[in-house]
$ cat entry-v8.cif   # mmCIF, N, CA and C atoms
data_start
loop_
_atom_site.label_atom_id
_atom_site.label_comp_id
_atom_site.auth_asym_id
_atom_site.auth_seq_id
_atom_site.Cartn_x
_atom_site.Cartn_y
_atom_site.Cartn_z
N MET L 1 107.41 -184.86 -52.41
CA MET L 1 108.03 -185.69 -53.43
C MET L 1 109.53 -185.81 -53.18
N ARG L 2 110.14 -184.71 -52.73
CA ARG L 2 111.57 -184.79 -52.44
C ARG L 2 111.84 -185.80 -51.33
N TYR L 3 110.95 -185.85 -50.35
CA TYR L 3 111.08 -186.81 -49.26
C TYR L 3 110.96 -188.24 -49.80
N GLY L 4 110.01 -188.45 -50.72
CA GLY L 4 109.84 -189.76 -51.32
C GLY L 4 111.06 -190.21 -52.10
N VAL L 5 111.67 -189.29 -52.82
CA VAL L 5 112.90 -189.62 -53.56
C VAL L 5 114.02 -189.93 -52.58
N ALA L 6 114.14 -189.12 -51.52
CA ALA L 6 115.19 -189.33 -50.53
C ALA L 6 115.05 -190.66 -49.80
N CYS L 7 113.80 -191.10 -49.60
CA CYS L 7 113.55 -192.38 -48.91
C CYS L 7 113.54 -193.57 -49.85
N GLY L 8 113.67 -193.33 -51.15
CA GLY L 8 113.65 -194.41 -52.11
C GLY L 8 112.25 -194.87 -52.48
N LEU L 9 111.24 -194.08 -52.14
CA LEU L 9 109.85 -194.43 -52.47
C LEU L 9 109.47 -193.97 -53.87
N ALA L 10 110.21 -193.03 -54.43
CA ALA L 10 109.95 -192.53 -55.78
C ALA L 10 111.29 -192.41 -56.49
N THR L 11 111.26 -192.49 -57.81
CA THR L 11 112.51 -192.42 -58.58
C THR L 11 112.86 -191.00 -58.98
N TYR L 12 111.86 -190.12 -59.11
CA TYR L 12 112.14 -188.72 -59.48
C TYR L 12 111.04 -187.82 -58.93
N ASP L 13 111.31 -186.54 -58.91
CA ASP L 13 110.38 -185.53 -58.41
C ASP L 13 109.74 -184.81 -59.59
N PRO L 14 108.47 -185.13 -59.92
CA PRO L 14 107.83 -184.49 -61.07
C PRO L 14 107.44 -183.03 -60.81
N THR L 15 107.52 -182.59 -59.57
CA THR L 15 107.10 -181.22 -59.29
C THR L 15 108.16 -180.18 -59.67
N THR L 16 109.38 -180.61 -59.94
CA THR L 16 110.43 -179.65 -60.29
C THR L 16 110.10 -178.92 -61.59
N SER L 17 109.41 -179.57 -62.50
CA SER L 17 109.07 -178.90 -63.76
C SER L 17 107.95 -177.87 -63.57
N LEU L 18 107.27 -177.90 -62.44
CA LEU L 18 106.20 -176.93 -62.18
C LEU L 18 106.70 -175.67 -61.49
N ARG L 19 107.93 -175.68 -61.04
CA ARG L 19 108.46 -174.53 -60.32
C ARG L 19 108.36 -173.28 -61.17
N GLY L 20 107.72 -172.25 -60.66
CA GLY L 20 107.55 -171.00 -61.38
C GLY L 20 106.28 -170.96 -62.22
N ALA L 21 105.62 -172.10 -62.41
CA ALA L 21 104.40 -172.12 -63.22
C ALA L 21 103.19 -171.62 -62.44
N LEU L 22 103.20 -171.81 -61.14
CA LEU L 22 102.08 -171.38 -60.31
C LEU L 22 102.39 -170.04 -59.66
N VAL L 23 101.42 -169.16 -59.70
CA VAL L 23 101.59 -167.83 -59.12
C VAL L 23 100.99 -167.83 -57.72
N ALA L 24 101.72 -167.27 -56.79
CA ALA L 24 101.23 -167.18 -55.42
C ALA L 24 100.03 -166.23 -55.37
N GLY L 25 99.05 -166.57 -54.56
CA GLY L 25 97.88 -165.73 -54.43
C GLY L 25 98.19 -164.44 -53.69
N THR L 26 97.32 -163.46 -53.87
CA THR L 26 97.51 -162.19 -53.18
C THR L 26 96.75 -162.23 -51.86
N LYS L 27 97.28 -161.53 -50.89
CA LYS L 27 96.63 -161.48 -49.59
C LYS L 27 95.40 -160.58 -49.68
N LYS L 28 94.30 -161.05 -49.09
CA LYS L 28 93.08 -160.25 -49.08
C LYS L 28 92.67 -160.04 -47.63
N SER L 29 92.14 -158.90 -47.37
CA SER L 29 91.64 -158.62 -46.04
C SER L 29 90.13 -158.80 -46.07
N PHE L 30 89.62 -159.61 -45.16
CA PHE L 30 88.20 -159.88 -45.11
C PHE L 30 87.57 -159.14 -43.94
N ALA L 31 86.32 -158.74 -44.13
CA ALA L 31 85.61 -158.07 -43.06
C ALA L 31 85.39 -159.04 -41.91
N CYS L 32 85.41 -158.52 -40.71
CA CYS L 32 85.18 -159.38 -39.56
C CYS L 32 84.27 -158.68 -38.57
N CYS L 33 83.70 -159.46 -37.71
CA CYS L 33 82.90 -158.91 -36.62
C CYS L 33 83.78 -158.93 -35.39
N ASP L 34 84.08 -157.76 -34.88
CA ASP L 34 84.96 -157.69 -33.71
C ASP L 34 84.18 -157.78 -32.41
N GLY L 35 82.86 -157.96 -32.50
CA GLY L 35 82.05 -158.09 -31.30
C GLY L 35 81.69 -156.76 -30.67
N SER L 36 82.00 -155.67 -31.37
CA SER L 36 81.68 -154.37 -30.79
C SER L 36 80.17 -154.18 -30.74
N ARG L 37 79.74 -153.39 -29.82
CA ARG L 37 78.29 -153.17 -29.64
C ARG L 37 77.68 -152.48 -30.85
N LYS L 38 78.48 -151.71 -31.59
CA LYS L 38 77.95 -151.03 -32.79
C LYS L 38 77.59 -152.03 -33.88
N ALA L 39 78.40 -153.08 -34.04
CA ALA L 39 78.19 -154.05 -35.13
C ALA L 39 77.03 -154.99 -34.85
N ARG L 40 76.71 -155.25 -33.60
CA ARG L 40 75.69 -156.24 -33.25
C ARG L 40 74.31 -155.97 -33.84
N PRO L 41 73.76 -154.76 -33.71
CA PRO L 41 72.41 -154.54 -34.27
C PRO L 41 72.34 -154.77 -35.77
N ASN L 42 73.37 -154.32 -36.52
CA ASN L 42 73.36 -154.51 -37.97
C ASN L 42 73.35 -155.98 -38.35
N ILE L 43 74.20 -156.75 -37.71
CA ILE L 43 74.28 -158.18 -38.02
C ILE L 43 73.00 -158.88 -37.61
N ALA L 44 72.50 -158.60 -36.42
CA ALA L 44 71.26 -159.23 -35.95
C ALA L 44 70.09 -158.88 -36.87
N ARG L 45 70.03 -157.66 -37.34
CA ARG L 45 68.94 -157.25 -38.25
C ARG L 45 69.03 -158.01 -39.57
N ARG L 46 70.23 -158.19 -40.08
CA ARG L 46 70.40 -158.93 -41.33
C ARG L 46 70.06 -160.41 -41.18
N LEU L 47 70.33 -160.97 -40.01
CA LEU L 47 70.00 -162.38 -39.79
C LEU L 47 68.50 -162.62 -39.80
N ASP L 48 67.72 -161.61 -39.45
CA ASP L 48 66.27 -161.73 -39.46
C ASP L 48 65.71 -161.87 -40.88
N LEU L 49 66.48 -161.51 -41.87
CA LEU L 49 66.01 -161.52 -43.26
C LEU L 49 66.28 -162.84 -43.98
N LEU L 50 66.82 -163.83 -43.31
CA LEU L 50 67.23 -165.07 -43.98
C LEU L 50 66.07 -165.95 -44.42
N GLY L 51 64.99 -165.97 -43.69
CA GLY L 51 63.84 -166.76 -44.12
C GLY L 51 63.67 -168.08 -43.42
N GLN L 52 64.67 -168.96 -43.47
CA GLN L 52 64.56 -170.28 -42.85
C GLN L 52 64.72 -170.14 -41.34
N PRO L 53 63.71 -170.52 -40.56
CA PRO L 53 63.79 -170.33 -39.10
C PRO L 53 64.95 -171.08 -38.45
N ALA L 54 65.22 -172.30 -38.86
CA ALA L 54 66.30 -173.08 -38.25
C ALA L 54 67.66 -172.43 -38.53
N THR L 55 67.86 -171.96 -39.74
CA THR L 55 69.11 -171.30 -40.11
C THR L 55 69.26 -170.00 -39.33
N GLU L 56 68.17 -169.28 -39.23
CA GLU L 56 68.17 -168.01 -38.52
C GLU L 56 68.56 -168.21 -37.05
N VAL L 57 67.95 -169.19 -36.40
CA VAL L 57 68.24 -169.46 -34.99
C VAL L 57 69.68 -169.93 -34.82
N ALA L 58 70.15 -170.80 -35.72
CA ALA L 58 71.52 -171.31 -35.63
C ALA L 58 72.54 -170.19 -35.78
N LEU L 59 72.30 -169.29 -36.72
CA LEU L 59 73.25 -168.20 -36.92
C LEU L 59 73.23 -167.20 -35.77
N LYS L 60 72.05 -166.95 -35.22
CA LYS L 60 71.97 -166.07 -34.06
C LYS L 60 72.71 -166.69 -32.87
N PHE L 61 72.52 -167.99 -32.69
CA PHE L 61 73.21 -168.70 -31.62
C PHE L 61 74.73 -168.61 -31.83
N ALA L 62 75.17 -168.84 -33.05
CA ALA L 62 76.59 -168.80 -33.37
C ALA L 62 77.16 -167.40 -33.14
N PHE L 63 76.37 -166.38 -33.42
CA PHE L 63 76.82 -165.01 -33.27
C PHE L 63 77.11 -164.68 -31.81
N TYR L 64 76.32 -165.21 -30.90
CA TYR L 64 76.49 -164.90 -29.49
C TYR L 64 77.41 -165.88 -28.75
N VAL L 65 77.50 -167.12 -29.19
CA VAL L 65 78.24 -168.14 -28.45
C VAL L 65 79.55 -168.53 -29.13
N PHE L 66 79.65 -168.37 -30.44
CA PHE L 66 80.83 -168.71 -31.24
C PHE L 66 81.26 -170.17 -31.11
N PRO L 67 80.34 -171.12 -31.36
CA PRO L 67 80.76 -172.54 -31.34
C PRO L 67 81.48 -172.88 -32.63
N ARG L 68 82.14 -174.03 -32.64
CA ARG L 68 82.74 -174.53 -33.88
C ARG L 68 81.60 -174.95 -34.79
N PRO L 69 81.80 -174.90 -36.14
CA PRO L 69 80.71 -175.27 -37.06
C PRO L 69 80.15 -176.67 -36.80
N GLY L 70 81.01 -177.64 -36.54
CA GLY L 70 80.54 -179.00 -36.28
C GLY L 70 79.71 -179.09 -35.01
N GLU L 71 80.12 -178.33 -33.98
CA GLU L 71 79.34 -178.32 -32.74
C GLU L 71 77.97 -177.70 -32.97
N LEU L 72 77.91 -176.69 -33.80
CA LEU L 72 76.63 -176.04 -34.10
C LEU L 72 75.71 -176.96 -34.89
N ARG L 73 76.27 -177.65 -35.90
CA ARG L 73 75.45 -178.54 -36.72
C ARG L 73 74.91 -179.73 -35.93
N LYS L 74 75.72 -180.24 -35.00
CA LYS L 74 75.34 -181.44 -34.27
C LYS L 74 74.71 -181.14 -32.92
N ALA L 75 74.42 -179.89 -32.65
CA ALA L 75 73.84 -179.51 -31.36
C ALA L 75 72.45 -180.15 -31.23
N GLU L 76 72.12 -180.57 -30.02
CA GLU L 76 70.83 -181.18 -29.75
C GLU L 76 70.09 -180.38 -28.69
N TRP L 77 68.77 -180.33 -28.83
CA TRP L 77 67.95 -179.67 -27.82
C TRP L 77 67.88 -180.57 -26.61
N ALA L 78 67.97 -179.97 -25.45
CA ALA L 78 67.85 -180.74 -24.21
C ALA L 78 66.78 -180.08 -23.32
N ASN L 79 65.96 -180.89 -22.69
CA ASN L 79 64.95 -180.37 -21.77
C ASN L 79 65.62 -180.10 -20.43
N SER L 80 65.70 -178.85 -20.06
CA SER L 80 66.35 -178.51 -18.79
C SER L 80 65.34 -178.34 -17.67
N ILE L 81 64.07 -178.46 -17.97
CA ILE L 81 63.03 -178.29 -16.95
C ILE L 81 62.61 -179.64 -16.40
#

$ encode --input "entry-v8.cif" --output "structure tokens"
Amino acid sequence: MRYGVACGLATYDPTTSLRGALVAGTKKSFACCDGSRKARPNIARRLDLLGQPATEVALKFAFYVFPRPGELRKAEWANSI
């Protein structure tokens, strides 16, 4: 908004009245898989409990290959034989 006022695209900055009204979030530490050999069996065992075969295969594939989510969703089967 300040840029808009400076460029003449806006007449005033309405965000100045919000200063101090919003509280910054606290940092949280999330669990991660570091790829250690100890973590693999636990994660693989839990993936077996999901139920949906396609989801199960996709998550197992993602666990070993680490593709981007879009690449995983749009992946296609190819006949290599």

$ closest_residue --input "entry-v8.cif" --among "L:Phe63, L:Ala58, L:Leu9, L:Thr16" --to "Trp77 in chain L" --atoms "only C-alpha atoms"
L:Ala58

$ atom_distance --input "entry-v8.cif" --atom1 "CA of Pro14 in chain L" --atom2 "CA of Met1 in chain L"
7.7 Å

$ atom_distance --input "entry-v8.cif" --atom1 "atom C of Lys60 in chain L" --atom2 "atom N of Arg73 in chain L"
11.9 Å

$ atom_distance --input "entry-v8.cif" --atom1 "CA of Leu18 in chain L" --atom2 "atom C of Val5 in chain L"
18.0 Å
